[in-house]
Structure formats: structure tokens, C-alpha cells
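Structure file work-v9.txt (compact mmCIF, C-alpha atoms) follows.
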# COMPACT_ATOMS: atom_id res chain seq x y z
CA MET A 17 5.38 -57.36 -38.34
CA LYS A 18 4.20 -54.83 -40.92
CA ASP A 19 0.56 -55.48 -39.98
CA THR A 20 1.37 -54.89 -36.30
CA GLN A 21 3.13 -51.60 -37.09
CA ASP A 22 0.24 -50.47 -39.30
CA ASN A 23 -2.21 -51.25 -36.51
CA ARG A 24 -0.14 -49.22 -34.04
CA ARG A 25 -0.12 -46.24 -36.39
CA GLN A 26 -3.88 -46.48 -36.85
CA PHE A 27 -4.31 -46.86 -33.11
CA LEU A 28 -2.44 -43.62 -32.48
CA LYS A 29 -4.60 -41.84 -35.03
CA ASN A 30 -7.75 -43.35 -33.56
CA SER A 31 -6.77 -42.31 -30.04
CA VAL A 32 -7.68 -38.75 -30.92
CA ASN A 33 -11.27 -39.89 -31.28
CA THR A 34 -11.23 -41.93 -28.06
CA ALA A 35 -11.34 -41.07 -24.39
CA ALA A 36 -8.80 -38.27 -24.28
CA GLY A 37 -8.29 -37.59 -27.95
CA MET A 38 -10.60 -34.74 -28.82
CA ILE A 39 -10.07 -33.22 -25.36
CA MET A 40 -6.35 -33.67 -24.84
CA LEU A 41 -4.67 -33.40 -28.22
CA PRO A 42 -5.46 -29.95 -29.63
CA THR A 43 -1.95 -29.38 -30.88
CA LEU A 44 -1.08 -32.78 -32.36
CA SER A 45 0.17 -32.44 -35.91
CA GLU A 46 -2.37 -33.18 -38.61
CA ASN A 47 -0.46 -36.07 -40.09
CA LEU A 48 -0.73 -37.96 -36.79
CA ILE A 49 -4.41 -37.49 -36.08
CA ALA A 50 -7.76 -38.21 -37.63
CA LYS A 51 -9.95 -35.23 -38.44
CA PRO A 52 -12.61 -34.63 -35.76
CA ALA A 53 -16.00 -35.98 -36.80
CA ILE A 54 -17.73 -32.82 -35.60
CA ALA A 55 -16.96 -29.14 -35.35
CA VAL A 56 -15.36 -28.49 -31.97
CA ALA A 57 -16.59 -25.53 -29.97
CA GLU A 58 -14.04 -22.76 -29.77
CA GLU A 59 -12.01 -22.93 -26.57
CA VAL A 60 -9.56 -20.58 -24.97
CA LYS A 61 -6.07 -21.11 -26.38
CA PRO A 62 -3.82 -22.89 -23.90
CA THR A 63 -1.25 -20.83 -22.02
CA TYR A 64 2.16 -22.26 -21.25
CA MET A 65 4.15 -21.52 -18.13
CA ALA A 66 7.92 -21.08 -18.29
CA SER A 67 9.99 -24.20 -17.70
CA ARG A 68 10.02 -25.23 -14.04
CA ILE A 69 10.90 -28.94 -14.13
CA LYS A 70 12.40 -31.42 -16.57
CA PHE A 71 10.42 -34.51 -17.52
CA SER A 72 10.71 -37.52 -19.81
CA VAL A 73 8.46 -40.14 -21.40
CA ILE A 74 8.93 -43.91 -21.27
CA GLY A 75 6.38 -46.00 -23.17
CA MET A 76 3.86 -44.59 -25.63
CA ASN A 77 1.65 -47.52 -26.63
CA HIS A 78 -1.48 -45.40 -26.28
CA GLY A 79 -1.98 -42.03 -27.95
CA HIS A 80 -3.02 -40.56 -24.59
CA ILE A 81 0.67 -39.90 -24.02
CA TYR A 82 0.43 -36.78 -26.17
CA GLY A 83 -2.29 -35.30 -23.97
CA GLN A 84 -0.30 -36.21 -20.86
CA ALA A 85 2.77 -34.45 -22.22
CA GLU A 86 0.79 -31.37 -23.25
CA ALA A 87 -0.73 -31.07 -19.78
CA VAL A 88 2.71 -31.06 -18.13
CA ILE A 89 4.16 -28.68 -20.73
CA ARG A 90 1.30 -26.24 -20.09
CA GLY A 91 2.13 -26.46 -16.39
CA GLY A 92 5.79 -25.61 -16.81
CA GLY A 93 7.38 -28.94 -17.67
CA GLU A 94 10.26 -29.17 -20.14
CA LEU A 95 10.26 -32.41 -22.15
CA VAL A 96 13.91 -33.39 -22.42
CA SER A 97 13.93 -37.05 -23.51
CA PHE A 98 11.84 -40.09 -24.37
CA TYR A 99 12.17 -43.82 -24.94
CA ALA A 100 10.00 -46.43 -26.63
CA LYS A 101 10.86 -49.98 -27.63
CA GLU A 102 8.79 -49.63 -30.81
CA ALA A 103 10.60 -47.74 -33.56
CA ASP A 104 7.42 -46.48 -35.24
CA LEU A 105 5.99 -45.08 -32.02
CA ALA A 106 9.29 -43.39 -31.19
CA ALA A 107 9.49 -41.87 -34.68
CA ALA A 108 5.99 -40.39 -34.41
CA PHE A 109 6.77 -38.95 -30.98
CA ALA A 110 10.06 -37.49 -32.21
CA LYS A 111 8.24 -35.78 -35.06
CA LYS A 112 5.86 -34.13 -32.61
CA TYR A 113 8.63 -33.18 -30.14
CA PRO A 114 11.81 -32.68 -32.20
CA ASN A 115 13.67 -30.90 -29.36
CA ALA A 116 13.45 -33.89 -27.04
CA LYS A 117 16.32 -36.42 -27.08
CA GLN A 118 15.55 -40.01 -28.04
CA ALA A 119 17.20 -42.11 -25.34
CA GLY A 120 18.79 -45.43 -26.14
CA SER A 121 17.24 -47.23 -23.18
CA GLU A 122 14.92 -46.87 -20.21
CA ALA A 123 17.94 -46.96 -17.90
CA GLU A 124 19.45 -43.91 -19.58
CA ILE A 125 16.43 -41.87 -18.50
CA LEU A 126 16.10 -43.35 -15.02
CA GLU A 127 19.78 -42.67 -14.30
CA ASP A 128 19.57 -39.02 -15.41
CA LYS A 129 19.45 -37.09 -12.13
CA SER A 130 18.26 -33.89 -13.84
CA ILE A 131 14.88 -35.47 -14.68
CA GLN A 132 12.20 -35.05 -12.01
CA LEU A 133 9.10 -36.61 -13.57
CA ILE A 134 8.40 -39.57 -15.86
CA LEU A 135 5.25 -39.95 -17.98
CA SER A 136 4.04 -43.22 -19.46
CA ALA A 137 1.27 -44.70 -21.58
CA ALA A 138 2.88 -48.12 -21.95
CA ILE A 139 0.80 -51.30 -22.37
CA PRO A 140 -1.44 -51.27 -19.27
CA ASP A 141 -0.03 -54.30 -17.42
CA GLU A 142 3.50 -52.84 -17.81
CA ARG A 143 2.63 -49.45 -16.27
CA ALA A 144 2.80 -50.34 -12.56
CA PRO A 145 6.13 -52.23 -12.76
CA LEU A 146 7.60 -49.24 -14.63
CA GLY A 147 6.19 -46.89 -12.00
CA ILE A 148 7.91 -48.88 -9.28
CA ARG A 149 11.24 -48.59 -11.10
CA VAL A 150 10.65 -44.86 -11.58
CA MET A 151 9.92 -44.23 -7.91
CA LYS A 152 12.92 -46.30 -6.81
CA SER A 153 15.08 -44.14 -9.09
CA GLY A 154 14.00 -41.07 -7.11
CA LYS A 155 11.59 -39.65 -9.69
CA ASP A 156 7.87 -38.88 -9.69
CA TYR A 157 5.51 -40.69 -12.07
CA MET A 158 2.40 -39.76 -14.03
CA VAL A 159 0.72 -42.59 -15.94
CA ASP A 160 -2.24 -43.05 -18.23
CA LYS A 161 -5.23 -44.98 -16.89
CA PRO A 162 -5.44 -47.78 -16.02
CA GLY A 163 -2.31 -47.07 -14.02
CA ILE A 164 -2.47 -50.47 -12.27
CA THR A 165 -4.10 -53.67 -13.53
CA SER A 166 -4.29 -55.97 -10.48
CA LEU A 167 -4.69 -55.79 -6.72
CA GLU A 168 -1.28 -57.44 -6.39
CA GLN A 169 0.30 -54.64 -8.42
CA LEU A 170 -1.57 -52.08 -6.32
CA ALA A 171 -0.14 -53.49 -3.09
CA GLN A 172 3.38 -53.34 -4.50
CA VAL A 173 2.94 -49.79 -5.78
CA ARG A 174 1.50 -48.60 -2.47
CA LYS A 175 4.46 -50.05 -0.56
CA VAL A 176 7.08 -48.48 -2.81
CA GLN A 177 5.27 -45.14 -2.86
CA LYS A 178 5.13 -45.13 0.94
CA ASP A 179 8.82 -46.06 1.19
CA THR A 180 10.06 -43.55 -1.40
CA LYS A 181 7.54 -40.71 -0.84
CA ARG A 182 7.46 -40.18 -4.62
CA ILE A 183 4.32 -39.12 -6.51
CA TYR A 184 2.36 -41.82 -8.37
CA SER A 185 -0.31 -39.93 -10.30
CA ILE A 186 -2.84 -41.52 -12.65
CA MET A 187 -4.29 -39.16 -15.23
CA TYR A 188 -8.05 -39.71 -15.04
CA SER A 189 -8.51 -37.49 -18.06
CA GLU A 190 -12.32 -37.57 -18.26
CA ARG A 191 -12.28 -35.34 -15.17
CA LEU A 192 -8.84 -33.74 -15.13
CA GLU A 193 -8.80 -32.77 -18.83
CA ASN A 194 -12.49 -32.05 -19.42
CA ARG A 195 -13.52 -28.42 -19.00
CA ALA A 196 -17.18 -29.12 -18.25
CA THR A 197 -16.26 -31.60 -15.52
CA ILE A 198 -13.86 -29.09 -13.95
CA LYS A 199 -16.63 -26.46 -14.12
CA ALA A 200 -19.08 -28.85 -12.48
CA GLY A 201 -16.69 -29.25 -9.57
CA GLU A 202 -16.54 -25.48 -9.15
CA LEU A 203 -20.35 -25.15 -9.22
CA ILE A 204 -20.88 -27.96 -6.73
CA LYS A 205 -18.29 -26.46 -4.38
CA GLU A 206 -20.29 -23.22 -4.51
CA GLY A 207 -23.44 -25.13 -3.47
CA ALA A 208 -25.28 -25.00 -6.80
CA ILE A 209 -27.07 -28.34 -6.26
CA GLY A 210 -26.84 -28.73 -2.49
CA LYS A 211 -25.28 -31.85 -0.99
CA VAL A 212 -24.34 -34.53 -3.51
CA ILE A 213 -26.36 -37.74 -3.23
CA GLN A 214 -25.27 -39.82 -6.22
CA THR A 215 -23.19 -39.85 -9.39
CA ILE A 216 -24.08 -41.74 -12.56
CA GLY A 217 -21.15 -42.14 -14.94
CA LEU A 218 -21.54 -43.57 -18.43
CA GLY A 219 -18.48 -44.33 -20.54
CA PRO A 220 -19.44 -45.73 -23.97
CA HIS A 221 -16.69 -46.13 -26.58
CA ARG A 222 -16.49 -46.93 -30.28
CA MET A 223 -14.70 -50.18 -31.04
CA ASN A 224 -12.77 -49.46 -34.30
CA ALA A 225 -11.42 -52.99 -34.01
CA ASN A 226 -9.24 -52.87 -37.12
CA THR A 227 -7.16 -50.04 -35.62
CA ARG A 228 -6.43 -51.72 -32.28
CA PRO A 229 -3.18 -53.48 -31.33
CA GLU A 230 -3.21 -57.09 -30.14
CA TRP A 231 -2.96 -56.26 -26.43
CA PHE A 232 -6.20 -54.30 -26.64
CA PHE A 233 -8.17 -57.57 -26.92
CA ASP A 234 -6.39 -59.43 -24.10
CA LYS A 235 -7.91 -58.94 -20.65
CA LYS A 236 -4.61 -59.88 -19.00
CA ARG A 237 -2.95 -56.93 -20.70
CA PHE A 238 -5.61 -54.23 -20.20
CA GLY A 239 -7.01 -55.49 -16.89
CA GLY A 240 -10.66 -55.87 -17.90
CA ILE A 241 -13.23 -53.30 -18.97
CA ILE A 242 -14.05 -52.00 -15.48
CA CYS A 243 -10.36 -51.74 -14.53
CA ASP A 244 -9.64 -49.90 -17.77
CA ILE A 245 -12.45 -47.59 -18.86
CA ALA A 246 -14.40 -47.34 -15.59
CA SER A 247 -11.40 -46.10 -13.61
CA HIS A 248 -12.51 -42.66 -14.89
CA GLN A 249 -15.95 -43.06 -13.36
CA PHE A 250 -14.64 -44.27 -10.00
CA ASP A 251 -12.40 -41.20 -9.86
CA GLN A 252 -15.37 -38.93 -10.56
CA PHE A 253 -17.52 -40.71 -7.97
CA LEU A 254 -14.93 -40.11 -5.24
CA PHE A 255 -14.34 -36.52 -6.30
CA PHE A 256 -17.96 -35.37 -6.53
CA THR A 257 -19.31 -37.27 -3.51
CA GLY A 258 -16.26 -36.48 -1.40
CA SER A 259 -16.10 -40.13 -0.36
CA THR A 260 -12.95 -41.34 1.39
CA LYS A 261 -14.28 -44.88 1.86
CA ALA A 262 -16.48 -46.95 -0.43
CA GLU A 263 -17.63 -50.49 -1.14
CA ILE A 264 -18.76 -52.27 -4.29
CA VAL A 265 -22.42 -53.26 -3.99
CA ALA A 266 -22.52 -55.24 -7.24
CA SER A 267 -20.71 -55.47 -10.57
CA GLN A 268 -20.86 -57.43 -13.80
CA VAL A 269 -18.83 -57.77 -16.99
CA GLY A 270 -19.10 -59.69 -20.20
CA ASN A 271 -18.18 -60.15 -23.82
CA VAL A 272 -21.71 -60.01 -25.12
CA GLY A 273 -21.18 -59.08 -28.75
CA HIS A 274 -17.63 -59.86 -29.90
CA PRO A 275 -17.12 -63.64 -29.85
CA GLN A 276 -14.26 -63.32 -32.34
CA TYR A 277 -12.19 -61.85 -29.48
CA PRO A 278 -12.56 -64.45 -26.70
CA LYS A 279 -10.20 -62.64 -24.27
CA PHE A 280 -12.06 -59.32 -24.59
CA GLU A 281 -14.79 -57.63 -22.55
CA ASP A 282 -17.21 -55.21 -24.20
CA PHE A 283 -19.68 -54.44 -21.36
CA GLY A 284 -19.46 -53.73 -17.65
CA ASP A 285 -21.32 -51.94 -14.91
CA ALA A 286 -21.07 -51.43 -11.16
CA MET A 287 -23.03 -50.03 -8.24
CA LEU A 288 -21.15 -48.63 -5.24
CA ARG A 289 -21.76 -46.93 -1.93
CA GLY A 290 -19.41 -44.48 -0.22
CA ASN A 291 -19.34 -42.44 2.95
CA GLY A 292 -20.25 -39.37 0.86
CA GLY A 293 -22.85 -40.76 -1.53
CA ALA A 294 -23.85 -43.51 -3.93
CA GLY A 295 -22.77 -44.26 -7.48
CA TYR A 296 -23.63 -46.18 -10.63
CA ILE A 297 -21.22 -46.82 -13.51
CA ARG A 298 -21.69 -48.31 -16.97
CA VAL A 299 -19.01 -48.72 -19.65
CA ASP A 300 -19.14 -50.42 -23.04
CA TRP A 301 -17.70 -50.73 -26.55
CA PHE A 302 -20.98 -50.29 -28.44
CA THR A 303 -20.97 -46.71 -29.74
CA PRO A 304 -22.69 -46.89 -33.15
CA ASP A 305 -21.04 -45.48 -36.25
CA GLY A 306 -23.86 -42.98 -36.69
CA LEU A 307 -22.76 -40.94 -33.66
CA LYS A 308 -20.48 -38.01 -34.53
CA SER A 309 -18.10 -38.81 -31.66
CA TRP A 310 -16.22 -41.79 -30.23
CA GLY A 311 -18.81 -42.00 -27.44
CA ASP A 312 -21.63 -40.11 -25.74
CA GLY A 313 -19.86 -39.94 -22.37
CA ARG A 314 -22.12 -38.59 -19.65
CA LEU A 315 -21.94 -37.70 -15.99
CA THR A 316 -24.97 -36.88 -13.86
CA VAL A 317 -24.46 -35.55 -10.34
CA LEU A 318 -27.60 -35.57 -8.22
CA GLY A 319 -27.83 -33.22 -5.26
CA THR A 320 -30.38 -32.37 -2.60
CA GLU A 321 -31.26 -29.12 -4.39
CA GLY A 322 -30.73 -29.94 -8.05
CA PHE A 323 -28.59 -31.84 -10.53
CA ILE A 324 -25.87 -31.34 -13.11
CA GLU A 325 -25.56 -33.32 -16.33
CA ILE A 326 -22.41 -33.24 -18.43
CA ARG A 327 -22.34 -34.40 -22.04
CA LYS A 328 -18.59 -34.72 -22.37
CA ASN A 329 -18.12 -35.28 -26.10
CA VAL A 330 -21.30 -34.64 -28.01
CA ASP A 331 -24.74 -33.07 -27.59
CA ILE A 332 -27.14 -35.18 -29.61
CA GLY A 333 -29.61 -32.28 -29.27
CA GLY A 334 -27.60 -30.30 -31.80
CA ARG A 335 -24.85 -28.17 -30.23
CA ASP A 336 -21.43 -28.66 -31.77
CA GLY A 337 -18.36 -29.93 -29.93
CA GLY A 338 -18.08 -31.23 -26.38
CA ASN A 339 -17.93 -29.98 -22.78
CA HIS A 340 -21.69 -29.45 -22.47
CA LEU A 341 -22.95 -28.70 -18.94
CA PHE A 342 -26.60 -28.48 -17.90
CA LEU A 343 -27.55 -27.20 -14.44
CA VAL A 344 -31.01 -27.60 -12.92
CA ASN A 345 -31.79 -26.38 -9.40
CA ASN A 346 -34.57 -24.68 -7.45
CA LYS A 347 -33.85 -21.37 -9.16
CA GLU A 348 -33.40 -22.19 -12.84
CA THR A 349 -32.53 -24.53 -15.67
CA GLN A 350 -29.55 -23.42 -17.67
CA TYR A 351 -26.85 -24.42 -20.13
CA ILE A 352 -23.40 -23.31 -18.99
CA ASP A 353 -20.56 -22.63 -21.40
CA SER A 354 -17.41 -24.28 -20.03
CA SER A 355 -15.11 -23.49 -22.95
CA LYS A 356 -12.97 -21.00 -21.04
CA THR A 357 -12.59 -23.07 -17.87
CA GLU A 358 -8.93 -23.67 -17.00
CA LEU A 359 -7.52 -27.20 -16.98
CA PRO A 360 -5.36 -27.03 -13.84
CA TYR A 361 -4.01 -30.57 -13.52
CA GLY A 362 -0.69 -30.07 -15.33
CA ARG A 363 0.12 -26.89 -13.42
CA GLN A 364 -0.86 -28.45 -10.11
CA LEU A 365 1.17 -31.60 -10.76
CA VAL A 366 4.29 -29.55 -11.52
CA ASP A 367 3.61 -27.59 -8.32
CA ASP A 368 3.44 -30.87 -6.41
CA VAL A 369 6.71 -32.12 -7.90
CA LEU A 370 8.42 -28.92 -6.78
CA ASN A 371 6.72 -28.45 -3.41
CA ARG A 372 6.04 -32.08 -2.36
CA THR A 373 2.34 -31.30 -2.02
CA GLU A 374 -0.87 -33.00 -3.20
CA THR A 375 -2.81 -30.25 -4.95
CA ALA A 376 -3.44 -32.07 -8.25
CA MET A 377 -4.82 -35.18 -6.55
CA SER A 378 -4.20 -36.75 -3.18
CA GLN A 379 -2.20 -39.97 -3.31
CA GLU A 380 -4.92 -41.81 -1.40
CA HIS A 381 -7.62 -40.62 -3.83
CA CYS A 382 -5.50 -41.82 -6.75
CA PHE A 383 -5.05 -45.27 -5.23
CA LEU A 384 -8.62 -45.60 -3.91
CA ALA A 385 -10.18 -44.92 -7.32
CA THR A 386 -8.01 -47.67 -8.77
CA GLU A 387 -8.66 -50.03 -5.84
CA LEU A 388 -12.42 -49.73 -6.29
CA ALA A 389 -12.15 -50.40 -10.03
CA LEU A 390 -9.95 -53.43 -9.42
CA LYS A 391 -12.28 -54.82 -6.75
CA ALA A 392 -15.33 -54.31 -8.97
CA GLN A 393 -13.51 -56.05 -11.81
CA LYS A 394 -12.46 -58.98 -9.63
CA MET A 395 -15.87 -59.62 -8.05
CA ALA A 396 -17.91 -59.04 -11.22
CA GLN A 397 -20.46 -61.62 -12.24
CA ASN A 398 -20.44 -62.70 -15.87
CA VAL A 399 -22.96 -61.36 -18.34
CA PRO A 400 -23.61 -64.09 -20.94
CA ALA A 401 -23.14 -63.45 -24.63
CA LEU A 402 -26.14 -62.48 -26.70
CA SER A 403 -27.80 -65.47 -28.31
Represent the supplied structure as C-alpha cells.
Amino acid sequence: MKDTQDNRRQFLKNSVNTAAGMIMLPTLSENLIAKPAIAVAEEVKPTYMASRIKFSVIGMNHGHIYGQAEAVIRGGGELVSFYAKEADLAAAFAKKYPNAKQAGSEAEILEDKSIQLILSAAIPDERAPLGIRVMKSGKDYMVDKPGITSLEQLAQVRKVQKDTKRIYSIMYSERLENRATIKAGELIKEGAIGKVIQTIGLGPHRMNANTRPEWFFDKKRFGGIICDIASHQFDQFLFFTGSTKAEIVASQVGNVGHPQYPKFEDFGDAMLRGNGGAGYIRVDWFTPDGLKSWGDGRLTVLGTEGFIEIRKNVDIGGRDGGNHLFLVNNKETQYIDSSKTELPYGRQLVDDVLNRTETAMSQEHCFLATELALKAQKMAQNVPALS
């Protein structure tokens, strides 16, 4: 039991250096986070709106929950309570948010009529069933990715969401909480690269195996590498191409380099075609220790009159920090500073809770990004292990 608890603590620390960590956790207390491996470029200090809704947290098995909470707090959410089955995770969360009440059970939160929104970063295969319970209780739901781990879960979630008219939002943080990606959306909307033709999304990650909990290595728990990591890239494909329909052309997954974890997947890629453009996605767990970041995440958006490349976490050419955006079109080649770009997701989500709108993300976009990831995962051919 002690080893499991130690691994969970290390996993929370390590989360700061994974997908949302260096982007989403600027205010996490130093005793809970690892020091950044590189100097982070100075960004505008976050502004916080006055309290407009009350929200709670149920399940915090991934450190992304801190970034989720901060996004809603920035947008005017008041964190009033939280619940976790794991005592060590609850204690760490209570230390970060001492004014929030630690509930004695999930039911205590779901039965509290004053709470309008529930956040969760539970173990991935538990997130959709929790979301269904949340929506049936009359509350909206914002969950870490992957928000759903099977097509069967997706069908159930879609039905309950349609019946209850509650919000089921998945925080695809590589777009929603990355300033350069938000800036790229603004530039493309202004016509900076013409009509989008294709997106290429790369999502490499560092393994840090000794810090990971047991569920991390079990495909049944995390849904598979495309379902998990690549859900970010499917979201970005839909957003930048404007596609409302898409099909998987081909996909493949494999455990090519970690035979000691037989239920794990460390590599996956997919090619897709939508009614607004084409896309290619590659994700993996092979970031070398020599890189001064958890992964050299990249997004390239190709247009008819130019292209944009985003280096989300690190510029191996020498610039410090993340959020690097390069724009090339018929007029110029330039590097664009995105450090002061607003992150609007939290504010928009709170607006949607209050106004019953879909400004943060349409419900169909949310579900379609997940559906494509799940279909690509299910139909993927196997990549054999390295000999």
C-alpha cells in the first residue's frame, strides 16, 4: 500500500511535466510540483473573475485536475467541495484549496443543489460513468481527457446528455489551455494562411515509469494510446479544419519498446479525412531524457496560402519556455509571441453553465473528437515489438 501511495504522490508531481502540467499549473504550491526543467517564458498573470457559479471536484487520480480547477476559478467558479477515495490525493488537494470542504462521499456532492458544475480527473475508465451520474443529478460536467474510454460508454453518455440537456465537456488542454494554439486559431480565422488543408499533430511524452500508478499501464483502464493521448490531436483537427464529419483512413498501435508492461501501448498513429480537410496524428511514450521538456509537442496547420507551426512545450532551436508559434505565408516568415494571449475556456464554460450556451465547445464537437479517437483505437492494426 505504501508503494502505491508513493507512486501516486510522484505521479501528481510528474503531472506538472506532462501534457497539461507546465501549461495549466502555474499556481500549484512548490511542495506539490517538480521544478520546471527549463526557464518558462514570462506570461501575463492570470486574472480572476468574481464568483459566478459554485463547483466541486470528484476524483483526482491525475494531476490535470489542478489545471481544470484553475481554469474554472479564473472564469468565475467558486470551488466549494471535493471528494476522493484516496486519502493522500484528498490531502494534497485540501492543502492547495484549504477553503473547499472535503465531502464524505460522492453522494454528498451530487445531492447538493447549490453546486452547478462537477470536475473530474478520475481513473479514465471511471470518468464516463461518473459523468452520467453527474448529469442525472442535474449538474454539468467537465472532465479530463480521455473523457470516455469505449464506444459503448460514448453511446450511453450521448443518450443521457440528450435526455438531461446537461453539459458534458472534455478539457482538451493542448488546445484549450495552450496560448500559442489559441493564437493560431485567431490567425487562421483572420485568413493568415488561407483555407486549411491539413493538420499534423504530434504528441510525444516522456515515460517516467517509476512515477506512474498501476492503472497507467493497463489499456482497459486508460483506453489505449490513441484514445488517451491522441484525443487532443483529434480535437485540434476538427477545430482547425472546421470538419463536422470525418472518417479514419488508417490507424496503428503497439507496445514496441516496453515488454515489461504487456498491457501497455507506447506508440500509435492515425490518418483521417474530414469534410473540412485531412489530418495525420502520431503519439508516443519515447521522449528522451535529454530533452528539457516532457515532450516536443507540435502542431502544423497547412493552408492554401501558408502554414503555421506550433512548438507547444519547447523550442529545440534555443528559445526558452513553450507556446512558440511560427507563421509562414506569401508575405513573410515570422515568430509570433503568444505569451499574452487569453485562455478563454474557463470563462466560456462558466458562461455556458449560466446561459445554457455552447461557447466553450459545442457538445457535438466534444463527442465527435472522442468518437474519432475511439474508432481509430478500435480499428488500429498492431505494430510489432522491436526485435
Surrounding residues of Val269 of chain A excluding itself and chain neighbours under 4 positions, 12 Å, all atoms listed in the file, as a list in words:
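Listed by chain and then number, they are Lys235, Gly240, Ile241, Ile242, Cys243, Ala246, Phe280, Glu281, Asp282, Phe283, Gly284, Asp285, Ala286, Ile297, Arg298, Val299, Asp300, Trp301, Ala392, Gln393, Lys394, Met395, Ala396, Gln397, Asn398, Val399, Pro400 and Ala401 of chain A.
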Hey, which of A:Val73, A:Gly93, A:Arg228, A:Ser189 ends up closest to Ile125 of chain A? Count all atoms listed in the file.
A:Val73
Counting only C-alpha atoms, the option among A:Gly91, A:Gly306, A:Pro275, A:Gly219 closest to Leu370 of chain A
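With only C-alpha atoms as the atom set, the closest residue is A:Gly91.
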Any idea what the distance is between atom CA of Leu315 of chain A and atom CA of Lys328 of chain A?
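For atom CA of Leu315 of chain A relative to atom CA of Lys328 of chain A, the distance reads 7.8 Å.
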Please determine an axis-aligned box that encloses all atoms of segment 152-165 of chain A listed in the file, with 3 Å added on each side, and express its centre and edge lengths in Å to one decimal as lines of an AutoDock Vina configuration file.
center_x = 4.8
center_y = -46.3
center_z = -12.5
size_x = 26.5
size_y = 20.8
size_z = 17.4
Kindly indicate which residue among A:Val330, A:Ala196, A:Pro114, A:Gly311 lies nearest to Tyr351 of chain A, using only C-alpha atoms for the distances.
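Comparing A:Val330, A:Ala196, A:Pro114, A:Gly311 against Tyr351 of chain A, the winner is A:Ala196.
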Could you check how far atom CA of Leu365 of chain A sits from atom CA of Gly338 of chain A, in Å to one decimal?
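Calculated distance between atom CA of Leu365 of chain A and atom CA of Gly338 of chain A is 24.8 Å.
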Measure the distance from atom CA of Leu133 of chain A to atom CA of Lys111 of chain A in Å and round it to one decimal.
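According to the coordinates, atom CA of Leu133 of chain A and atom CA of Lys111 of chain A are separated by 21.5 Å.
Comparing A:Arg149, A:Lys112, A:Arg363, A:Arg195 by their smallest distance to Gly92 of chain A, the closest is A:Arg363 (using all atoms listed in the file).
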Nearest to Ser247 of chain A among A:Gln177, A:Ser403, A:Thr386, A:Asn346, with distances taken over all atoms listed in the file: which residue is it?
A:Thr386
Could you tell me which of A:Tyr157, A:Phe250, A:Phe256, A:Tyr82 comes closest to Leu288 of chain A if we count all atoms listed in the file?
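Once distances to Leu288 of chain A are computed over all atoms listed in the file, the minimum belongs to A:Phe250.
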Contact residues around segment 94-101 of chain A with all atoms listed in the file at 8 Å, ignoring same-chain residues under 5 positions, as a ChimeraX atom specification:
/A:67-76,85,89,106,115-122,125
Please identify all polymer residues within 12 Å of Gln169 of chain A, counting all atoms listed in the file, omitting same-chain residues fewer than 2 positions from it, and present them as a PyMOL selection string.
chain A and resi 140-148+162-167+171-176+239+383+386-387+390
Segment 222-259 of chain A near segment 210-213 of chain A within 12 Å: what's each residue's closest atom pair and its distance in Å to one decimal, counting only C-alpha atoms, ordered by chain then ascending residue number, as CSV?
residue,atom,partner,partner_atom,distance
A:Phe253,CA,A:Val212,CA,10.2
A:Leu254,CA,A:Val212,CA,11.1
A:Phe255,CA,A:Val212,CA,10.6
A:Phe256,CA,A:Val212,CA,7.1
A:Thr257,CA,A:Val212,CA,5.7
A:Gly258,CA,A:Val212,CA,8.6
A:Ser259,CA,A:Val212,CA,10.4
Complete the atom set of segment 164-175 of chain A to N, CA, C and O atoms and return it as a JSON list (two decimals), keeping the file's coordinate frame.
[["chain", "number", "residue", "atom", "x", "y", "z"],
["A", 164, "ILE", "N", -2.76, -49.22, -12.99],
["A", 164, "ILE", "CA", -2.47, -50.47, -12.27],
["A", 164, "ILE", "C", -3.53, -51.47, -12.70],
["A", 164, "ILE", "O", -4.71, -51.13, -12.78],
["A", 165, "THR", "N", -3.14, -52.72, -12.96],
["A", 165, "THR", "CA", -4.10, -53.67, -13.53],
["A", 165, "THR", "C", -4.44, -54.85, -12.63],
["A", 165, "THR", "O", -5.19, -55.73, -13.04],
["A", 166, "SER", "N", -3.92, -54.89, -11.41],
["A", 166, "SER", "CA", -4.29, -55.97, -10.48],
["A", 166, "SER", "C", -4.12, -55.50, -9.05],
["A", 166, "SER", "O", -3.36, -54.56, -8.78],
["A", 167, "LEU", "N", -4.81, -56.14, -8.13],
["A", 167, "LEU", "CA", -4.69, -55.79, -6.72],
["A", 167, "LEU", "C", -3.29, -56.10, -6.20],
["A", 167, "LEU", "O", -2.79, -55.42, -5.30],
["A", 168, "GLU", "N", -2.66, -57.11, -6.79],
["A", 168, "GLU", "CA", -1.28, -57.44, -6.39],
["A", 168, "GLU", "C", -0.34, -56.31, -6.79],
["A", 168, "GLU", "O", 0.53, -55.90, -6.00],
["A", 169, "GLN", "N", -0.49, -55.79, -8.00],
["A", 169, "GLN", "CA", 0.30, -54.64, -8.42],
["A", 169, "GLN", "C", 0.05, -53.44, -7.52],
["A", 169, "GLN", "O", 0.97, -52.72, -7.14],
["A", 170, "LEU", "N", -1.22, -53.21, -7.17],
["A", 170, "LEU", "CA", -1.57, -52.08, -6.32],
["A", 170, "LEU", "C", -0.85, -52.16, -4.99],
["A", 170, "LEU", "O", -0.33, -51.14, -4.49],
["A", 171, "ALA", "N", -0.82, -53.33, -4.38],
["A", 171, "ALA", "CA", -0.14, -53.49, -3.09],
["A", 171, "ALA", "C", 1.34, -53.17, -3.21],
["A", 171, "ALA", "O", 1.92, -52.50, -2.33],
["A", 172, "GLN", "N", 1.96, -53.61, -4.29],
["A", 172, "GLN", "CA", 3.38, -53.34, -4.50],
["A", 172, "GLN", "C", 3.63, -51.85, -4.71],
["A", 172, "GLN", "O", 4.57, -51.28, -4.15],
["A", 173, "VAL", "N", 2.78, -51.22, -5.51],
["A", 173, "VAL", "CA", 2.94, -49.79, -5.78],
["A", 173, "VAL", "C", 2.76, -48.98, -4.50],
["A", 173, "VAL", "O", 3.52, -48.06, -4.22],
["A", 174, "ARG", "N", 1.74, -49.32, -3.73],
["A", 174, "ARG", "CA", 1.50, -48.60, -2.47],
["A", 174, "ARG", "C", 2.71, -48.70, -1.54],
["A", 174, "ARG", "O", 3.09, -47.71, -0.90],
["A", 175, "LYS", "N", 3.30, -49.87, -1.45],
["A", 175, "LYS", "CA", 4.46, -50.05, -0.56],
["A", 175, "LYS", "C", 5.64, -49.20, -1.01],
["A", 175, "LYS", "O", 6.26, -48.49, -0.20]]
